[in-house]
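Okay, entry-v9.txt is below, compact mmCIF, C-alpha atoms:
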# COMPACT_ATOMS: atom_id res chain seq x y z
CA MET Y 16 27.17 66.41 -34.27
CA LYS Y 17 25.22 67.56 -31.31
CA ARG Y 18 22.07 66.28 -33.00
CA ALA Y 19 23.65 62.87 -33.68
CA ARG Y 20 24.66 62.52 -30.04
CA GLY Y 21 21.13 63.28 -28.99
CA LEU Y 22 19.78 60.66 -31.34
CA ALA Y 23 22.17 58.03 -29.95
CA ARG Y 24 21.16 58.94 -26.43
CA ALA Y 25 17.51 58.50 -27.38
CA LEU Y 26 18.05 55.11 -29.01
CA LEU Y 27 20.28 53.66 -26.30
CA PRO Y 28 17.51 52.36 -23.98
CA ALA Y 29 15.77 50.61 -26.86
CA ALA Y 30 19.06 49.06 -28.02
CA LEU Y 31 19.81 47.81 -24.52
CA ALA Y 32 16.30 46.40 -24.20
CA ALA Y 33 16.71 44.56 -27.50
CA LEU Y 34 20.04 43.15 -26.36
CA VAL Y 35 18.53 41.87 -23.12
CA ALA Y 36 15.64 40.33 -25.04
CA CYS Y 37 18.05 38.39 -27.26
CA THR Y 38 20.13 37.06 -24.37
CA PRO Y 39 19.22 33.41 -23.48
CA GLN Y 40 17.43 33.38 -20.17
CA ALA Y 41 18.88 31.16 -17.46
CA PRO Y 42 16.33 29.27 -15.33
CA PRO Y 43 15.39 31.39 -12.35
CA ALA Y 44 17.57 30.65 -9.38
CA PRO Y 45 15.73 29.53 -6.25
CA THR Y 46 14.72 32.64 -4.40
CA ASN Y 47 15.06 33.12 -0.72
CA SER Y 48 11.29 33.10 -0.43
CA ARG Y 49 11.14 29.58 -1.93
CA VAL Y 50 13.74 28.40 0.55
CA ALA Y 51 11.78 30.08 3.33
CA GLN Y 52 8.61 28.31 2.19
CA PHE Y 53 10.35 24.95 2.51
CA GLY Y 54 11.55 25.94 5.97
CA GLU Y 55 8.00 26.57 7.14
CA LEU Y 56 6.79 23.08 6.21
CA PRO Y 57 6.59 20.17 8.68
CA ASP Y 58 9.21 17.45 8.59
CA TRP Y 59 7.52 14.14 7.77
CA ARG Y 60 10.63 12.38 6.54
CA GLY Y 61 10.88 8.64 7.01
CA TYR Y 62 8.90 5.62 5.89
CA TRP Y 63 5.60 4.80 7.47
CA ILE Y 64 3.24 1.84 7.80
CA ALA Y 65 -0.35 2.03 8.97
CA GLU Y 66 -0.68 1.07 12.61
CA GLY Y 67 -1.49 -2.61 13.12
CA MET Y 68 -0.41 -3.51 9.60
CA LEU Y 69 3.23 -4.47 10.12
CA SER Y 70 4.07 -7.56 8.08
CA ASP Y 71 5.98 -10.51 9.42
CA ILE Y 72 8.18 -12.66 7.14
CA SER Y 73 5.03 -14.32 5.79
CA GLY Y 74 3.78 -10.99 4.42
CA TYR Y 75 0.91 -11.14 6.91
CA THR Y 76 0.91 -10.00 10.52
CA ALA Y 77 2.69 -12.12 13.11
CA ASP Y 78 -0.75 -13.29 14.27
CA GLY Y 79 -1.13 -15.31 11.07
CA PRO Y 80 -2.71 -14.92 7.65
CA THR Y 81 -6.31 -15.03 8.78
CA ALA Y 82 -6.08 -13.14 12.06
CA PRO Y 83 -8.77 -10.44 12.21
CA LEU Y 84 -7.60 -6.99 11.30
CA ARG Y 85 -9.31 -3.73 12.01
CA MET Y 86 -9.46 -2.31 8.48
CA GLU Y 87 -11.59 0.80 8.61
CA PHE Y 88 -12.42 0.98 4.92
CA GLN Y 89 -14.43 -2.22 5.19
CA GLY Y 90 -17.03 0.00 6.81
CA ALA Y 91 -18.11 -2.10 9.78
CA ASP Y 92 -19.13 1.11 11.54
CA ALA Y 93 -20.09 3.17 8.50
CA PRO Y 94 -23.51 4.87 8.47
CA TRP Y 95 -24.73 2.96 5.43
CA LYS Y 96 -28.10 3.73 3.96
CA PRO Y 97 -30.34 0.66 4.48
CA GLU Y 98 -30.46 -0.06 0.76
CA GLN Y 99 -26.65 0.03 0.53
CA ARG Y 100 -26.35 -2.28 3.50
CA ALA Y 101 -28.69 -4.74 1.77
CA LYS Y 102 -26.73 -4.39 -1.45
CA ILE Y 103 -23.47 -5.17 0.34
CA GLU Y 104 -25.01 -8.27 1.92
CA ALA Y 105 -26.17 -9.43 -1.50
CA MET Y 106 -22.63 -8.98 -2.80
CA VAL Y 107 -21.15 -11.39 -0.25
CA PRO Y 108 -20.87 -14.54 -2.41
CA ALA Y 109 -19.29 -12.61 -5.28
CA LEU Y 110 -16.90 -10.79 -2.96
CA VAL Y 111 -15.77 -14.00 -1.29
CA ALA Y 112 -15.32 -15.80 -4.62
CA ALA Y 113 -13.43 -12.88 -6.11
CA ALA Y 114 -11.23 -12.61 -3.03
CA ALA Y 115 -10.24 -16.27 -3.21
CA LYS Y 116 -9.12 -15.93 -6.83
CA GLY Y 117 -8.19 -12.30 -7.12
CA LYS Y 118 -4.75 -10.75 -7.33
CA SER Y 119 -3.67 -7.16 -7.31
CA THR Y 120 -0.61 -5.05 -8.02
CA GLY Y 121 -1.52 -2.18 -5.72
CA TRP Y 122 -4.04 -0.81 -3.29
CA GLY Y 123 -5.50 2.30 -4.90
CA TYR Y 124 -7.05 5.08 -2.86
CA PRO Y 125 -8.19 5.12 -0.11
CA MET Y 126 -7.05 1.56 0.73
CA MET Y 127 -3.40 2.59 0.33
CA MET Y 128 -3.83 4.80 3.40
CA GLN Y 129 -4.33 1.74 5.64
CA SER Y 130 -2.28 -0.98 4.02
CA PHE Y 131 0.76 -3.15 4.69
CA ALA Y 132 2.81 -1.18 2.20
CA PRO Y 133 5.45 1.24 3.50
CA MET Y 134 4.79 4.77 2.32
CA GLN Y 135 6.40 8.17 2.14
CA PHE Y 136 5.10 11.74 2.36
CA LEU Y 137 7.18 14.11 0.25
CA ILE Y 138 6.28 17.70 1.12
CA THR Y 139 7.04 20.72 -1.06
CA PRO Y 140 5.54 24.23 -0.88
CA GLY Y 141 2.95 23.64 -3.60
CA GLU Y 142 2.42 19.90 -3.58
CA THR Y 143 2.68 16.90 -1.30
CA LEU Y 144 3.26 13.46 -2.77
CA VAL Y 145 2.08 10.32 -1.00
CA MET Y 146 3.76 7.22 -2.40
CA ASN Y 147 4.01 3.60 -1.39
CA PHE Y 148 6.01 0.51 -2.20
CA TYR Y 149 3.43 -0.59 -4.80
CA ARG Y 150 3.79 2.73 -6.67
CA ASP Y 151 0.40 3.97 -5.61
CA VAL Y 152 1.03 7.73 -5.92
CA ARG Y 153 -1.15 10.64 -4.84
CA HIS Y 154 -0.48 14.22 -5.90
CA VAL Y 155 -1.94 16.56 -3.31
CA TYR Y 156 -1.85 20.11 -4.67
CA THR Y 157 -1.44 22.72 -1.95
CA ASP Y 158 -0.88 25.70 -4.25
CA GLY Y 159 -4.40 27.02 -3.88
CA ARG Y 160 -5.91 25.48 -6.98
CA SER Y 161 -9.40 23.99 -7.07
CA HIS Y 162 -10.49 20.61 -8.35
CA PRO Y 163 -11.11 20.58 -12.10
CA LYS Y 164 -14.63 21.48 -13.18
CA PRO Y 165 -17.00 18.49 -12.94
CA ASP Y 166 -17.19 18.24 -16.73
CA ASP Y 167 -13.39 18.02 -16.91
CA LEU Y 168 -12.96 15.41 -14.19
CA TRP Y 169 -13.14 11.64 -14.45
CA PRO Y 170 -12.74 8.93 -11.80
CA THR Y 171 -9.34 7.29 -11.34
CA PRO Y 172 -8.10 4.76 -8.75
CA TRP Y 173 -6.34 7.56 -6.84
CA GLY Y 174 -8.83 10.40 -7.37
CA ASP Y 175 -8.08 14.13 -7.52
CA SER Y 176 -6.62 15.70 -4.39
CA ILE Y 177 -6.16 19.28 -3.27
CA GLY Y 178 -4.99 20.35 0.15
CA HIS Y 179 -3.92 23.11 2.46
CA TRP Y 180 -1.98 23.47 5.67
CA GLU Y 181 -3.63 24.42 8.95
CA GLY Y 182 -0.53 24.88 11.07
CA ASP Y 183 1.21 21.51 10.96
CA THR Y 184 -1.92 19.64 9.85
CA LEU Y 185 -2.32 18.74 6.18
CA VAL Y 186 -5.98 18.85 5.19
CA ILE Y 187 -6.66 16.87 2.00
CA ASP Y 188 -9.84 16.93 -0.05
CA THR Y 189 -10.14 14.05 -2.53
CA ILE Y 190 -12.89 13.39 -5.06
CA ALA Y 191 -13.38 11.40 -8.28
CA VAL Y 192 -12.15 8.09 -6.87
CA GLN Y 193 -12.91 5.20 -9.20
CA ARG Y 194 -15.14 2.52 -7.73
CA PRO Y 195 -14.74 -0.34 -7.35
CA GLY Y 196 -11.13 0.02 -6.28
CA ILE Y 197 -8.23 -1.70 -7.94
CA LEU Y 198 -7.60 -4.05 -5.05
CA PHE Y 199 -9.11 -7.52 -5.23
CA VAL Y 200 -11.63 -6.49 -2.61
CA PRO Y 201 -13.20 -3.20 -3.57
CA PHE Y 202 -13.45 -1.35 -0.26
CA PRO Y 203 -14.88 1.03 0.67
CA LEU Y 204 -18.19 0.22 -1.01
CA VAL Y 205 -19.15 3.83 -1.58
CA SER Y 206 -19.96 5.54 -4.88
CA GLU Y 207 -17.80 7.62 -7.20
CA LYS Y 208 -19.55 10.71 -5.82
CA ALA Y 209 -17.84 10.21 -2.47
CA ARG Y 210 -15.66 12.96 -0.98
CA TYR Y 211 -12.76 12.03 1.25
CA ILE Y 212 -11.34 14.47 3.80
CA GLU Y 213 -8.11 13.71 5.64
CA ARG Y 214 -6.50 15.72 8.43
CA ILE Y 215 -2.97 14.36 8.87
CA ARG Y 216 -0.49 15.49 11.52
CA ARG Y 217 2.79 14.17 12.85
CA VAL Y 218 2.23 13.89 16.59
CA SER Y 219 5.65 12.52 17.57
CA ALA Y 220 8.91 11.39 16.02
CA ASP Y 221 7.50 7.96 15.26
CA ARG Y 222 3.78 8.53 14.82
CA MET Y 223 1.39 10.37 12.55
CA GLU Y 224 -2.36 10.52 13.03
CA SER Y 225 -5.09 11.05 10.48
CA GLN Y 226 -8.72 11.88 10.95
CA PHE Y 227 -10.60 10.47 7.98
CA THR Y 228 -14.07 11.50 6.89
CA ILE Y 229 -15.99 10.08 3.94
CA GLU Y 230 -19.14 11.74 2.66
CA ASP Y 231 -21.27 10.08 0.00
CA PRO Y 232 -24.84 11.16 -0.70
CA GLU Y 233 -25.53 7.92 -2.57
CA THR Y 234 -24.55 5.30 0.01
CA LEU Y 235 -24.20 7.00 3.42
CA THR Y 236 -26.71 8.70 5.69
CA GLY Y 237 -24.06 11.13 6.96
CA PRO Y 238 -20.32 11.63 7.39
CA TRP Y 239 -18.35 8.45 8.10
CA THR Y 240 -15.47 9.41 10.38
CA PHE Y 241 -12.64 7.36 11.88
CA LYS Y 242 -8.99 7.70 12.83
CA LEU Y 243 -5.90 6.12 11.32
CA ALA Y 244 -2.29 6.23 12.48
CA TYR Y 245 1.05 5.69 10.79
CA VAL Y 246 4.13 4.31 12.52
CA ARG Y 247 7.65 5.22 11.39
CA GLN Y 248 9.83 2.31 10.31
CA PRO Y 249 13.40 3.11 11.35
CA ALA Y 250 14.78 -0.03 9.68
CA LEU Y 251 13.66 1.21 6.27
CA ASP Y 252 16.26 3.51 4.78
CA ARG Y 253 14.70 3.62 1.30
CA LEU Y 254 11.47 2.96 -0.56
CA ILE Y 255 12.15 0.10 -2.94
CA HIS Y 256 10.01 -0.35 -6.05
CA GLU Y 257 10.36 -3.63 -7.86
CA ALA Y 258 9.48 -5.40 -11.05
CA PHE Y 259 6.51 -7.74 -10.77
CA ASP Y 260 8.45 -10.59 -12.30
CA ASN Y 261 7.96 -13.65 -10.13
CA ASP Y 262 4.21 -14.01 -9.85
CA ARG Y 263 3.89 -17.73 -9.07
CA VAL Y 264 0.33 -17.53 -7.78
CA GLU Y 265 -2.39 -18.90 -10.04
CA VAL Y 266 -5.91 -20.25 -9.88
CA ASP Y 267 -5.97 -24.00 -9.22
CA ALA Y 268 -7.15 -26.63 -11.68
CA GLN Y 269 -10.70 -26.41 -10.32
CA GLY Y 270 -10.72 -22.67 -10.93
CA GLU Y 271 -11.72 -21.95 -7.37
CA LEU Y 272 -8.66 -21.13 -5.33
CA LEU Y 273 -5.20 -19.72 -5.76
CA THR Y 274 -2.19 -21.98 -5.53
CA ILE Y 275 1.60 -21.79 -6.04
CA LYS Y 276 3.16 -22.66 -9.39
CA PRO Y 277 6.42 -24.65 -9.38
CA PRO Y 278 9.55 -22.53 -9.83
CA GLN Y 279 10.91 -21.90 -13.29
CA ARG Y 280 14.11 -23.80 -13.96
CA MET W 9 -29.78 -11.18 11.34
CA HIS W 10 -28.95 -8.88 8.53
CA SER W 11 -26.58 -6.77 10.57
CA ARG W 12 -25.01 -9.91 11.99
CA HIS W 13 -24.54 -11.15 8.47
CA LEU W 14 -22.89 -7.88 7.55
CA ALA W 15 -20.58 -8.09 10.54
CA TRP W 16 -19.67 -11.61 9.50
CA VAL W 17 -18.77 -10.42 6.05
CA ILE W 18 -17.26 -7.08 6.69
CA GLY W 19 -15.89 -7.56 10.14
CA VAL W 20 -14.76 -11.17 10.14
CA LEU W 21 -14.95 -13.20 6.96
CA LEU W 22 -13.32 -10.90 4.50
CA PRO W 23 -10.42 -10.12 6.78
CA ALA W 24 -9.89 -13.84 7.14
CA ALA W 25 -10.34 -14.77 3.52
CA ALA W 26 -9.12 -11.77 1.70
CA MET W 27 -8.28 -8.59 3.45
CA ASN W 28 -5.31 -9.69 5.48
CA ALA W 29 -3.16 -9.78 2.41
CA GLN W 30 -0.16 -7.93 1.19
CA ALA W 31 -1.97 -6.42 -1.77
CA HIS W 32 -1.21 -9.28 -4.09
CA HIS W 33 -3.58 -12.11 -3.28
CA SER W 34 -5.97 -13.59 -0.78
CA ALA W 35 -5.06 -15.71 2.22
CA ALA W 36 -7.81 -18.17 1.32
CA MET W 37 -5.29 -20.41 -0.48
CA PHE W 38 -3.58 -21.32 2.81
CA ASP W 39 -5.07 -23.50 5.54
CA ASP W 40 -4.42 -21.36 8.60
CA SER W 41 -5.94 -24.00 10.88
CA LYS W 42 -2.98 -26.30 10.22
CA ARG W 43 0.72 -26.04 10.88
CA VAL W 44 3.36 -28.23 9.24
CA THR W 45 6.99 -28.37 10.37
CA LEU W 46 9.61 -29.23 7.77
CA ALA W 47 13.36 -29.72 8.07
CA GLY W 48 15.35 -29.50 4.88
CA THR W 49 17.99 -27.88 2.73
CA VAL W 50 17.53 -24.63 0.86
CA ARG W 51 17.78 -25.25 -2.87
CA GLU W 52 17.09 -21.62 -3.73
CA PHE W 53 16.04 -18.44 -1.97
CA GLN W 54 14.09 -16.29 -4.43
CA TRP W 55 14.31 -12.63 -3.43
CA SER W 56 11.57 -11.51 -5.77
CA ASN W 57 8.37 -9.55 -6.17
CA PRO W 58 5.47 -9.97 -5.48
CA HIS W 59 6.73 -12.68 -3.13
CA CYS W 60 9.98 -14.16 -1.93
CA TYR W 61 10.11 -17.95 -1.99
CA VAL W 62 12.19 -20.60 -0.28
CA GLN W 63 12.61 -23.71 -2.38
CA LEU W 64 13.21 -26.34 0.28
CA LEU W 65 14.38 -29.89 -0.37
CA VAL W 66 12.91 -32.20 2.25
CA THR W 67 14.13 -35.78 2.38
CA PRO W 68 12.01 -38.25 4.35
CA GLU W 69 13.67 -41.05 6.31
CA LYS W 70 12.61 -43.40 3.57
CA GLY W 71 12.13 -42.13 0.09
CA THR W 72 13.40 -39.41 -2.18
CA ALA W 73 13.66 -35.68 -1.62
CA ARG W 74 10.62 -33.57 -2.33
CA GLU W 75 10.87 -29.88 -3.17
CA TRP W 76 8.53 -27.48 -1.37
CA SER W 77 7.65 -24.00 -2.57
CA LEU W 78 7.27 -21.77 0.47
CA GLU W 79 5.87 -18.31 0.00
CA MET W 80 7.00 -15.27 1.98
CA GLY W 81 6.22 -11.56 1.88
CA ALA W 82 7.55 -9.15 -0.72
CA PRO W 83 11.22 -8.10 -0.45
CA THR W 84 10.36 -4.72 1.09
CA TYR W 85 8.54 -6.38 3.96
CA LEU W 86 11.50 -8.67 4.61
CA TYR W 87 13.95 -5.75 4.22
CA ASN W 88 12.06 -3.90 6.95
CA LEU W 89 12.64 -6.90 9.21
CA GLY W 90 16.37 -6.88 8.55
CA TRP W 91 16.42 -9.53 5.85
CA ARG W 92 18.58 -9.23 2.75
CA PRO W 93 18.96 -11.44 -0.33
CA SER W 94 21.92 -13.10 1.41
CA THR W 95 20.01 -14.05 4.57
CA LEU W 96 19.37 -17.54 3.23
CA LYS W 97 21.70 -19.33 0.83
CA ALA W 98 21.50 -22.51 -1.19
CA GLY W 99 22.70 -25.38 0.98
CA ASP W 100 21.53 -23.86 4.28
CA LYS W 101 19.92 -26.36 6.64
CA ILE W 102 16.74 -24.88 8.09
CA THR W 103 13.60 -25.88 9.92
CA VAL W 104 10.38 -24.10 9.00
CA LYS W 105 6.82 -23.87 10.21
CA ILE W 106 4.25 -23.33 7.47
CA ALA W 107 0.53 -23.01 6.83
CA PRO W 108 0.04 -25.56 4.03
CA LEU W 109 -1.82 -25.00 0.79
CA ARG W 110 -5.50 -25.69 1.24
CA LYS W 111 -5.64 -27.72 -1.94
CA GLY W 112 -2.64 -29.85 -0.89
CA GLY W 113 0.71 -30.30 -2.55
CA ALA W 114 4.24 -29.35 -1.62
CA GLY W 115 3.65 -25.70 -0.87
CA GLY W 116 2.60 -23.29 1.81
CA LEU W 117 3.04 -20.00 3.57
CA LEU W 118 6.29 -19.72 5.48
CA LEU W 119 5.58 -18.49 9.00
CA GLU W 120 8.77 -19.24 10.95
CA VAL W 121 12.37 -20.17 10.12
CA THR W 122 15.10 -21.55 12.36
CA THR W 123 18.59 -21.78 10.91
CA ALA W 124 21.27 -24.34 11.74
CA ASP W 125 23.17 -21.72 13.77
CA GLY W 126 20.12 -21.05 15.93
CA ARG W 127 18.71 -17.85 14.40
CA HIS W 128 14.93 -17.68 14.51
CA PHE W 129 12.69 -15.51 12.35
CA GLY W 130 8.95 -15.01 12.30
CA GLY W 131 6.07 -15.86 14.57
CA LYS W 132 4.86 -14.05 17.66
CA LYS W 133 7.67 -12.50 19.63

How would this structure read if it were set down as structure tokens?
Amino acid sequence: MKRARGLARALLPAALAALVACTPQAPPAPTNSRVAQFGELPDWRGYWIAEGMLSDISGYTADGPTAPLRMEFQGADAPWKPEQRAKIEAMVPALVAAAAKGKSTGWGYPMMMQSFAPMQFLITPGETLVMNFYRDVRHVYTDGRSHPKPDDLWPTPWGDSIGHWEGDTLVIDTIAVQRPGILFVPFPLVSEKARYIERIRRVSADRMESQFTIEDPETLTGPWTFKLAYVRQPALDRLIHEAFDNDRVEVDAQGELLTIKPPQR
Amino acid sequence: MHSRHLAWVIGVLLPAAAMNAQAHHSAAMFDDSKRVTLAGTVREFQWSNPHCYVQLLVTPEKGTAREWSLEMGAPTYLYNLGWRPSTLKAGDKITVKIAPLRKGGAGGLLLEVTTADGRHFGGKK
């Protein structure tokens, strides 16, 4: 009897362990540390449009559809290598012709970071999402991972982004951006070897600022640096994504210029 | 000359012809050097993507009504300016200022709207 009791006592831990192993595991509840991590992150809530890019009812700025805009990714001040500058000049007729006939359903990266489209920054402890009205989406991983190995990476219109926080500044490193871009004008005219560094910070309730640097050994003589800003849009209470179901713009009968199709009855 | 050419392309021409666009198409289709004022009746207000449209019936003093297709920005852009699908209704009398289609025809880019009750939208404030 005494021996049997001893045996039971010896087997009890194993039996309990087996019972625990067979019990279905509930998903782990959020830990206090996860909540604390959220609490340490900046508050970038709201909807933002790049400074100078606010649309009027026409869809263009209030200055009119052909008013000059300072769009940094065109590269007016970029340190182009002479051969790239010559190449861009040679591309002019094709760019102009393509622009007159081209259409697009989004901006791609990096154009989406200075566009007319309202955008949102959704910050979590391990990842920040940058999204806009046209469903351009960037996943910026801030969990300490590296970019995939070069052999396992291929160019996409939004590239591969990793980031980290330096205080309240989000530093983003993006590579593998597909060129030309998906917009009807393919700016910036850099190569797929380009690296894009952003340092984004909310400087006031209604303004964020970004220092942008592009490095590209193929097309630039050195870092191309400029600043962008984003202005909060208090009238936007949601980011609305829509079906692309009333595209009435088509190339005219001469095949040279876009025009408006009559409405469907 | 080369750098001037580049400035023309990158700094001036492409913004005018292409870049100042709401991600869907170029502005080259509209003649921004011209303005046309039309007074008419809304047949339909299309709250749609990638563009909203006003279908405006314009009746000349002599002749029959002609329907104009007037392009606007995408709904989100209008929403940000306080517009909703109900802002214009069929039957509304409005006056508009447009940049006409470069190739001609009854169409253009809608720049400003004034409603019969005196509300004004668009243009420089």

**Request:** Grab the atom CA of Y:Ala209 to atom CA of Y:Leu110 distance for me, in Å with one decimal place.
**Result:**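 The value is 21.0 Å.
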
**Request:** Do a neighbour search on Y:Asp221 at 9 Å with all atoms listed in the file, toss out local chain neighbours closer than 4 positions, and write the hits as a list in words.
**Result:** Gly61, Trp63, Arg217, Tyr245, Val246, Arg247, Gln248 and Pro249 of chain Y

**Request:** Please provide as a VMD selection string all residues within 6 Å of W:Glu120, with the sequence filter that same-chain residues fewer than 5 positions apart are discarded (counting all atoms listed in the file).
**Result:** chain W and resid 104 to 105 129 to 131

Any chance you could export the current selection's C-alpha atoms as an mmCIF file, in the coordinates of the input?
data_model
loop_
_atom_site.group_PDB
_atom_site.id
_atom_site.type_symbol
_atom_site.label_atom_id
_atom_site.label_comp_id
_atom_site.auth_asym_id
_atom_site.auth_seq_id
_atom_site.Cartn_x
_atom_site.Cartn_y
_atom_site.Cartn_z
ATOM 1 C CA VAL W 104 10.380 -24.100 9.000
ATOM 2 C CA LYS W 105 6.820 -23.870 10.210
ATOM 3 C CA PHE W 129 12.690 -15.510 12.350
ATOM 4 C CA GLY W 130 8.950 -15.010 12.300
ATOM 5 C CA GLY W 131 6.070 -15.860 14.570
#

**Request:** Rank nothing, just name the residue among Y:Glu265, Y:Glu66, Y:Asp71, Y:Glu142 nearest to W:Leu89, using only C-alpha atoms.
**Result:**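 Selected residue with least distance to W:Leu89: Y:Asp71.
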
**Message:** Here is a test: counting all atoms listed in the file, which residue of Y:Ala115, Y:Met68, Y:Ile255, Y:Leu144 is nearest to W:His32?
**Reply:** Y:Ala115

**Residues within 10 Å of Y:Leu56, only C-alpha atoms, excluding chain neighbours under 5 positions, as a PyMOL selection string** = chain Y and resi 51+138-140+180+182-183

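Candidate residues W:Arg74, W:Lys101, W:Lys42, W:His59 were compared for distance to chain Y, and the nearest is W:His59, using all atoms listed in the file.
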
Please write out, as JSON, where the centre of an axis-aligned box around all listed atoms of stretch 103-121 of chain W lies and how long its edges are, in Å to one decimal, after adding 5 Å on each side.
{"center_x": 4.0, "center_y": -24.4, "center_z": 4.2, "size_x": 29.2, "size_y": 21.8, "size_z": 23.5}

Show me a table, sorted first by chain and then by increasing residue number, of the residues of stretch 180-257 of chain Y having an atom at most 12 Å from stretch 74-85 of chain Y, each with its shortest atom pair and the distance in Å to one decimal, counting only C-alpha atoms and written as CSV.
residue,atom,partner,partner_atom,distance
Y:Phe241,CA,Y:Arg85,CA,11.6
Y:Lys242,CA,Y:Arg85,CA,11.5
Y:Leu243,CA,Y:Arg85,CA,10.4

**Prompt:** Near W:Gly48, within 7 Å and counting only C-alpha atoms, which residues show up once chain neighbours fewer than 2 positions away are dropped, as a ChimeraX atom specification?
**Reply:** /W:46,50,64-67,101-103

**Asked** Counting only C-alpha atoms, which of W:Ser77, W:Thr122, W:Asn88, W:Ser41 gets nearest to W:Cys60?
**Response**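 Of the candidates, the smallest distance to W:Cys60 is held by W:Ser77.
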
**Prompt:** Smallest atom-to-atom distance to W:Leu96: which of W:Pro68, W:Ala35, W:Pro58, W:Val121, using all atoms listed in the file?
**Reply:** W:Val121

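Minimum atom-to-atom distances from W:Thr84, W:Thr72, W:Thr45, W:Thr95 to chain Y were compared using only C-alpha atoms, and the lowest value belongs to W:Thr84.
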
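The interatomic distance for the pair atom CA of W:Leu78 and atom CA of W:Leu119 works out to 9.3 Å.
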
**Prompt:** At most 8 Å from (9.5, -12.1, -3.9), file frame, only C-alpha atoms: which residues, as a PyMOL selection string?
**Reply:** (chain Y and resi 261) or (chain W and resi 54-61+80-83)

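Atom CA of Y:Gly90 is found 18.6 Å from atom CA of Y:Pro172.
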
**Message:** List as a PyMOL selection string the protein and nucleic acid residues near Y:Val145, meaning an atom at most 9 Å away when only C-alpha atoms are counted, but skip any in the same chain fewer than 5 places from it.
**Reply:** chain Y and resi 134-138+151-155
